[in-house]
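Take a look at the structure below.
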Amino acid sequence: MLNDETKRKLRLMNIGEFIEELELQVQDPDTLNLSFDERFQLLTDCVYQRKYNEKVKRLIKNARLRLPKADVHDILYADNRPLKKGVLDDLASCRFVDEYRSVVFQGYPSSGKTFLGCALAKEACRHLYKTRYIRMPELLDEYAENSLLPGGKNKTLSKYSAYNILVLDEWLVSNLSKDGIEFLFELTERRYDCTSTIFCTLYKREDWIKRLGNGTYAESIVERYAYNTTWIQTGDINMRQFYSRA
């Protein structure tokens with residue numbers, strides 16, 4: 001058994017989980033019959049899994065997902081729904097994050113855009129990526145409020161530029177002010193080519209420039225996501241209605 005001093009040192013090193021796992025080993029005769037190397041490997045695997053699970057749980061909580069129960073394993077694939085399993089399975093591998101690619105889920109109201117965005121974001125948390133979900137109206141409100149504070153604009157930009165994945169739900173649903181467009185221009189500039197953004201939107205690619213007010217800022221924002229982005233049509237099936245009948 002470990003003495004108190006050894007336990008204290010383990011806790012100081014933030015690996016106090018070794019104490020609990022070792023105590024469990026002592027209670028298992030089969031484990032005690034293993035060699036030291038085998039026991040230590042088993043101990044390390046258990047502690048690693050516990051720390052991993054805790055970190056994933058923390059990342060998912062901090063992501064503030066609109067639909068925290070959404071999961072890539074629960075995506076509905078149907079003949080009349082234009083989702084390709086191969087494409088979504090590739091996205092679920094989170095390779096797109098390493099490649100700094102972005103994703104657009106575009107479709108009719110209630111076609112599952114938010115579910116897909118949250119499911120992919122949660123999978124990114126399982127891959128230990130720092131992720132955040134926010135509705136565009138809320139983001140613009142937060143920016144407007146912080147703009148009244150000293151250094152508030154830059155703090156907001158720095159905050160939302162830092163996430164590996166940013167899920168922007170209800171993208172372009174709001175009428176944009178000049179300050180709002182400038183904010184989105186700067187945010188996309190900071191995020192482009194070094195992070196990944198997931199857009200959930202009603203609007204097709206050809207509508208983006210108009211919704212962004214036309215002009216140079218609009219063209220620049222759209223240009224950044226014209227190529228290194230996976231566009232996915234979610235179709236016109238009303239998923240709320242579909243599941244209410246199930």
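Going through the structure tokens in order, the chains are called A, B, and so on, while each chain numbers its residues from 1 and the ligands are numbered from 1 in the order shown.
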Margin query: Could you list, as a list of chain:residue names, every residue within 9 Å of Tyr225 in chain A, counting only C-alpha atoms and ignoring same-chain residues fewer than 2 positions away?
Written below: A:Arg101, A:Ser102, A:Val103, A:Tyr192, A:Ile221, A:Val222, A:Glu223, A:Tyr227, A:Asn228, A:Thr229
With N, CA, C and O atoms retained, export the selected residues as an mmCIF file, in the first residue's frame.
data_model
loop_
_atom_site.group_PDB
_atom_site.id
_atom_site.type_symbol
_atom_site.label_atom_id
_atom_site.label_comp_id
_atom_site.auth_asym_id
_atom_site.auth_seq_id
_atom_site.Cartn_x
_atom_site.Cartn_y
_atom_site.Cartn_z
ATOM 1 N N ARG A 101 -9.999 23.056 -42.579
ATOM 2 C CA ARG A 101 -11.138 23.194 -43.480
ATOM 3 C C ARG A 101 -12.381 23.556 -42.681
ATOM 4 O O ARG A 101 -12.479 23.261 -41.501
ATOM 5 N N SER A 102 -13.329 24.175 -43.340
ATOM 6 C CA SER A 102 -14.577 24.550 -42.699
ATOM 7 C C SER A 102 -15.732 23.752 -43.297
ATOM 8 O O SER A 102 -15.568 23.055 -44.309
ATOM 9 N N VAL A 103 -16.896 23.866 -42.660
ATOM 10 C CA VAL A 103 -18.074 23.089 -43.067
ATOM 11 C C VAL A 103 -19.283 24.012 -43.076
ATOM 12 O O VAL A 103 -19.440 24.855 -42.177
ATOM 13 N N TYR A 192 -9.483 32.272 -40.631
ATOM 14 C CA TYR A 192 -9.245 31.626 -41.913
ATOM 15 C C TYR A 192 -7.833 31.040 -41.974
ATOM 16 O O TYR A 192 -6.865 31.657 -41.582
ATOM 17 N N ILE A 221 -15.183 37.968 -47.253
ATOM 18 C CA ILE A 221 -15.647 36.906 -46.354
ATOM 19 C C ILE A 221 -16.031 35.661 -47.147
ATOM 20 O O ILE A 221 -15.639 34.534 -46.814
ATOM 21 N N VAL A 222 -16.803 35.840 -48.202
ATOM 22 C CA VAL A 222 -17.257 34.711 -49.015
ATOM 23 C C VAL A 222 -16.078 34.033 -49.702
ATOM 24 O O VAL A 222 -16.012 32.792 -49.778
ATOM 25 N N GLU A 223 -15.123 34.805 -50.155
ATOM 26 C CA GLU A 223 -13.957 34.248 -50.853
ATOM 27 C C GLU A 223 -13.154 33.321 -49.950
ATOM 28 O O GLU A 223 -12.627 32.301 -50.395
ATOM 29 N N TYR A 227 -13.445 27.777 -51.187
ATOM 30 C CA TYR A 227 -12.688 26.630 -51.689
ATOM 31 C C TYR A 227 -12.448 25.561 -50.625
ATOM 32 O O TYR A 227 -12.869 24.423 -50.784
ATOM 33 N N ASN A 228 -11.780 25.927 -49.538
ATOM 34 C CA ASN A 228 -11.396 24.927 -48.541
ATOM 35 C C ASN A 228 -12.528 24.673 -47.550
ATOM 36 O O ASN A 228 -12.333 24.678 -46.340
ATOM 37 N N THR A 229 -13.723 24.445 -48.103
ATOM 38 C CA THR A 229 -14.920 24.277 -47.283
ATOM 39 C C THR A 229 -15.785 23.164 -47.854
ATOM 40 O O THR A 229 -15.951 23.057 -49.064
#
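Residues surrounding Leu120 in chain A within 10 Å are Ala70, Asp71, Val72, Leu88, Asp89, Leu91, Ala92, Ser93, Cys94, Val103, Thr114, Phe115, Leu116, Ala124, Cys125, Arg126, Ile165, Val167 and Ile198 of chain A [only C-alpha atoms; sequence separation below 4 positions excluded].
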Margin query: So that I can check the secondary structure, give me every residue of range 44-209 of chain A assigned strand (DSSP E) by backbone DSSP, as a ChimeraX atom specification.
Written below: /A:102-107,131-135,165-169,196-201
Note to self: I need the residue nearest Arg95 in chain A from this list: A:Asn14, A:Asn3, A:Ile134, A:Ser196. Use only C-alpha atoms for the distance.
What the structure shows: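 Looking at the shortest contact to Arg95 in chain A, the residue is A:Ser196.
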Next item on the list: Find the residue from A:Leu128, A:Leu140, A:Ile181, A:Leu22 that sits nearest to Tyr52 in chain A; use only C-alpha atoms when measuring.
Entry: A:Leu128
Next item on the list: Please report, as a ChimeraX atom specification, each residue of range 39-214 of chain A to which DSSP assigns alpha helix (DSSP H) when run on this structure's backbone.
Entry: /A:39-63,85-92,95-98,113-126,136-146,152-161,178-191,208-211
Could the residues in this selection be written to a file with C-alpha atoms, as an mmCIF file, in the first residue's frame?
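Resulting contents of part.cif:
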data_model
loop_
_atom_site.group_PDB
_atom_site.id
_atom_site.type_symbol
_atom_site.label_atom_id
_atom_site.label_comp_id
_atom_site.auth_asym_id
_atom_site.auth_seq_id
_atom_site.Cartn_x
_atom_site.Cartn_y
_atom_site.Cartn_z
ATOM 1 C CA ARG A 39 -0.029 -4.050 -13.342
ATOM 2 C CA PHE A 40 1.675 -0.738 -14.068
ATOM 3 C CA GLN A 41 0.477 -0.782 -17.684
ATOM 4 C CA LEU A 42 -3.075 -1.547 -16.557
ATOM 5 C CA LEU A 43 -2.849 1.209 -13.958
ATOM 6 C CA THR A 44 -1.596 3.712 -16.539
ATOM 7 C CA ASP A 45 -4.336 2.784 -19.028
ATOM 8 C CA CYS A 46 -7.076 3.237 -16.413
ATOM 9 C CA VAL A 47 -5.770 6.607 -15.222
ATOM 10 C CA TYR A 48 -5.328 7.828 -18.785
ATOM 11 C CA GLN A 49 -8.910 6.851 -19.657
ATOM 12 C CA ARG A 50 -10.261 8.610 -16.579
ATOM 13 C CA LYS A 51 -8.370 11.810 -17.363
ATOM 14 C CA TYR A 52 -9.414 11.634 -21.018
ATOM 15 C CA ASN A 53 -13.090 11.189 -20.089
ATOM 16 C CA GLU A 54 -12.926 14.120 -17.672
ATOM 17 C CA LYS A 55 -11.305 16.369 -20.272
ATOM 18 C CA VAL A 56 -13.872 15.459 -22.939
ATOM 19 C CA LYS A 57 -16.693 16.139 -20.481
ATOM 20 C CA ARG A 58 -15.167 19.523 -19.681
ATOM 21 C CA LEU A 59 -14.689 20.419 -23.358
ATOM 22 C CA ILE A 60 -18.298 19.508 -24.172
ATOM 23 C CA LYS A 61 -19.557 21.610 -21.263
ATOM 24 C CA ASN A 62 -17.434 24.594 -22.307
ATOM 25 C CA ALA A 63 -18.611 24.252 -25.922
ATOM 26 C CA LYS A 85 -22.640 8.967 -44.969
ATOM 27 C CA GLY A 86 -19.136 8.777 -46.402
ATOM 28 C CA VAL A 87 -18.745 12.550 -46.300
ATOM 29 C CA LEU A 88 -20.047 12.858 -42.745
ATOM 30 C CA ASP A 89 -17.950 9.902 -41.558
ATOM 31 C CA ASP A 90 -14.892 11.670 -42.943
ATOM 32 C CA LEU A 91 -15.857 14.866 -41.109
ATOM 33 C CA ALA A 92 -16.410 12.857 -37.914
ATOM 34 C CA ARG A 95 -9.322 15.376 -40.223
ATOM 35 C CA PHE A 96 -10.885 18.600 -41.480
ATOM 36 C CA VAL A 97 -9.740 20.340 -38.283
ATOM 37 C CA ASP A 98 -6.109 19.363 -38.845
ATOM 38 C CA LYS A 113 -28.595 21.897 -39.402
ATOM 39 C CA THR A 114 -28.144 22.635 -35.701
ATOM 40 C CA PHE A 115 -28.152 18.926 -34.832
ATOM 41 C CA LEU A 116 -25.441 18.218 -37.384
ATOM 42 C CA GLY A 117 -23.339 21.160 -36.262
ATOM 43 C CA CYS A 118 -23.592 20.175 -32.599
ATOM 44 C CA ALA A 119 -22.951 16.489 -33.331
ATOM 45 C CA LEU A 120 -19.795 17.320 -35.254
ATOM 46 C CA ALA A 121 -18.695 19.754 -32.555
ATOM 47 C CA LYS A 122 -19.149 17.109 -29.846
ATOM 48 C CA GLU A 123 -17.113 14.648 -31.875
ATOM 49 C CA ALA A 124 -14.377 17.294 -32.099
ATOM 50 C CA CYS A 125 -14.442 17.527 -28.295
ATOM 51 C CA ARG A 126 -13.836 13.775 -28.172
ATOM 52 C CA MET A 136 -24.984 34.525 -34.760
ATOM 53 C CA PRO A 137 -27.497 36.967 -33.173
ATOM 54 C CA GLU A 138 -25.995 36.239 -29.756
ATOM 55 C CA LEU A 139 -22.464 36.695 -31.081
ATOM 56 C CA LEU A 140 -23.319 40.074 -32.579
ATOM 57 C CA ASP A 141 -25.051 41.165 -29.362
ATOM 58 C CA GLU A 142 -22.025 40.150 -27.316
ATOM 59 C CA TYR A 143 -19.722 42.060 -29.637
ATOM 60 C CA ALA A 144 -21.933 45.168 -29.498
ATOM 61 C CA GLU A 145 -22.002 45.108 -25.676
ATOM 62 C CA ASN A 146 -18.263 44.534 -25.353
ATOM 63 C CA GLY A 152 -13.727 45.081 -25.637
ATOM 64 C CA LYS A 153 -13.695 44.692 -29.402
ATOM 65 C CA ASN A 154 -10.278 43.083 -29.491
ATOM 66 C CA LYS A 155 -11.044 40.837 -26.515
ATOM 67 C CA THR A 156 -14.136 39.487 -28.279
ATOM 68 C CA LEU A 157 -12.215 38.887 -31.485
ATOM 69 C CA SER A 158 -9.388 37.174 -29.611
ATOM 70 C CA LYS A 159 -11.839 34.996 -27.694
ATOM 71 C CA TYR A 160 -13.653 33.666 -30.758
ATOM 72 C CA SER A 161 -10.505 33.415 -32.845
ATOM 73 C CA LYS A 178 -21.817 48.209 -40.691
ATOM 74 C CA ASP A 179 -20.061 47.402 -37.385
ATOM 75 C CA GLY A 180 -21.405 43.854 -37.508
ATOM 76 C CA ILE A 181 -20.067 43.273 -41.003
ATOM 77 C CA GLU A 182 -16.674 44.703 -40.058
ATOM 78 C CA PHE A 183 -16.589 42.410 -37.021
ATOM 79 C CA LEU A 184 -17.358 39.320 -39.120
ATOM 80 C CA PHE A 185 -14.751 40.396 -41.652
ATOM 81 C CA GLU A 186 -12.076 40.642 -38.960
ATOM 82 C CA LEU A 187 -13.189 37.427 -37.233
ATOM 83 C CA THR A 188 -13.087 35.403 -40.455
ATOM 84 C CA GLU A 189 -9.730 36.948 -41.305
ATOM 85 C CA ARG A 190 -8.270 35.775 -38.003
ATOM 86 C CA ARG A 191 -9.819 32.314 -38.235
ATOM 87 C CA TRP A 208 -24.118 35.215 -48.871
ATOM 88 C CA ILE A 209 -22.713 38.355 -50.485
ATOM 89 C CA LYS A 210 -26.118 40.044 -50.523
ATOM 90 C CA ARG A 211 -26.808 39.062 -46.900
#
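If you measure from each of A:Met239, A:Ser174, A:Ser220, A:Gln106 to Ile75 in chain A using only C-alpha atoms, the closest one turns out to be A:Met239.
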Notebook entry, point to check: Of the candidates A:Ile15, A:Leu166, A:Val26, A:Gly112, which one gets nearest to Tyr77 in chain A if we count only C-alpha atoms?
Noted result: A:Gly112
Margin query: Between CA of Ser110 in chain A and CA of Ile237 in chain A, what is the distance in Å, rounded to a tenth?
Written below: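 According to the coordinates, CA of Ser110 in chain A and CA of Ile237 in chain A are separated by 7.6 Å.
As for CA of Trp231 in chain A and CA of Arg81 in chain A, they are spaced 14.8 Å apart.
You will find CA of Leu76 in chain A at 17.8 Å from CA of Val104 in chain A.
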Spatial neighbours of Phe105 in chain A, 7 Å, only C-alpha atoms, chain gap at least 6 places, as a JSON list (two decimals) with all heavy atoms, in the first residue's frame:
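The result, stored in part-v4.json:
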[["chain", "number", "residue", "atom", "x", "y", "z"],
["A", 113, "LYS", "N", -29.89, 21.22, -39.31],
["A", 113, "LYS", "CA", -28.59, 21.90, -39.40],
["A", 113, "LYS", "C", -27.92, 22.02, -38.03],
["A", 113, "LYS", "O", -26.74, 21.72, -37.88],
["A", 113, "LYS", "CB", -28.77, 23.29, -40.02],
["A", 113, "LYS", "CG", -29.41, 23.29, -41.40],
["A", 113, "LYS", "CD", -29.53, 24.69, -41.96],
["A", 113, "LYS", "CE", -30.49, 25.57, -41.19],
["A", 113, "LYS", "NZ", -31.89, 25.08, -41.21],
["A", 199, "PHE", "N", -20.64, 26.46, -40.23],
["A", 199, "PHE", "CA", -21.75, 27.38, -40.44],
["A", 199, "PHE", "C", -23.05, 26.57, -40.57],
["A", 199, "PHE", "O", -23.11, 25.60, -41.34],
["A", 199, "PHE", "CB", -21.56, 28.19, -41.73],
["A", 199, "PHE", "CG", -20.32, 29.03, -41.76],
["A", 199, "PHE", "CD1", -19.13, 28.53, -42.28],
["A", 199, "PHE", "CD2", -20.32, 30.33, -41.27],
["A", 199, "PHE", "CE1", -17.98, 29.31, -42.32],
["A", 199, "PHE", "CE2", -19.18, 31.12, -41.31],
["A", 199, "PHE", "CZ", -18.01, 30.60, -41.84],
["A", 200, "CYS", "N", -24.07, 26.98, -39.86],
["A", 200, "CYS", "CA", -25.41, 26.40, -40.01],
["A", 200, "CYS", "C", -26.30, 27.53, -40.54],
["A", 200, "CYS", "O", -26.51, 28.53, -39.83],
["A", 200, "CYS", "CB", -25.93, 25.87, -38.69],
["A", 200, "CYS", "SG", -24.87, 24.63, -37.91],
["A", 201, "THR", "N", -26.81, 27.38, -41.75],
["A", 201, "THR", "CA", -27.47, 28.51, -42.38],
["A", 201, "THR", "C", -28.61, 28.11, -43.30],
["A", 201, "THR", "O", -28.62, 27.02, -43.88],
["A", 201, "THR", "CB", -26.44, 29.34, -43.18],
["A", 201, "THR", "OG1", -27.07, 30.48, -43.74],
["A", 201, "THR", "CG2", -25.81, 28.50, -44.29],
["A", 231, "TRP", "N", -19.41, 21.87, -48.31],
["A", 231, "TRP", "CA", -20.80, 22.35, -48.30],
["A", 231, "TRP", "C", -21.73, 21.14, -48.30],
["A", 231, "TRP", "O", -21.63, 20.26, -49.18],
["A", 231, "TRP", "CB", -21.09, 23.22, -49.51],
["A", 231, "TRP", "CG", -20.39, 24.55, -49.47],
["A", 231, "TRP", "CD1", -19.06, 24.79, -49.63],
["A", 231, "TRP", "CD2", -21.00, 25.82, -49.23],
["A", 231, "TRP", "NE1", -18.80, 26.13, -49.50],
["A", 231, "TRP", "CE2", -19.97, 26.79, -49.26],
["A", 231, "TRP", "CE3", -22.32, 26.22, -49.00],
["A", 231, "TRP", "CZ2", -20.22, 28.15, -49.07],
["A", 231, "TRP", "CZ3", -22.57, 27.58, -48.81],
["A", 231, "TRP", "CH2", -21.53, 28.52, -48.84],
["A", 232, "ILE", "N", -22.63, 21.10, -47.35],
["A", 232, "ILE", "CA", -23.56, 19.97, -47.22],
["A", 232, "ILE", "C", -24.99, 20.49, -47.20],
["A", 232, "ILE", "O", -25.35, 21.31, -46.36],
["A", 232, "ILE", "CB", -23.27, 19.17, -45.93],
["A", 232, "ILE", "CG1", -21.87, 18.54, -46.01],
["A", 232, "ILE", "CG2", -24.34, 18.09, -45.72],
["A", 232, "ILE", "CD1", -21.48, 17.78, -44.78],
["A", 233, "GLN", "N", -25.78, 19.99, -48.12],
["A", 233, "GLN", "CA", -27.20, 20.33, -48.17],
["A", 233, "GLN", "C", -27.96, 19.41, -47.22],
["A", 233, "GLN", "O", -27.82, 18.19, -47.26],
["A", 233, "GLN", "CB", -27.73, 20.15, -49.60],
["A", 233, "GLN", "CG", -26.99, 20.95, -50.66],
["A", 233, "GLN", "CD", -27.18, 22.45, -50.48],
["A", 233, "GLN", "OE1", -28.27, 22.90, -50.13],
["A", 233, "GLN", "NE2", -26.12, 23.21, -50.71],
["A", 234, "THR", "N", -28.76, 20.01, -46.35],
["A", 234, "THR", "CA", -29.52, 19.21, -45.39],
["A", 234, "THR", "C", -30.93, 18.90, -45.87],
["A", 234, "THR", "O", -31.67, 18.17, -45.21],
["A", 234, "THR", "CB", -29.59, 19.92, -44.02],
["A", 234, "THR", "OG1", -30.18, 21.22, -44.20],
["A", 234, "THR", "CG2", -28.20, 20.08, -43.44]]
Margin query: I'd like to know which of A:Leu149, A:Leu34, A:Leu212, A:Met13 is closest to Leu172 in chain A, using only C-alpha atoms.
Written below: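 Of the candidates, the smallest distance to Leu172 in chain A is held by A:Leu212.
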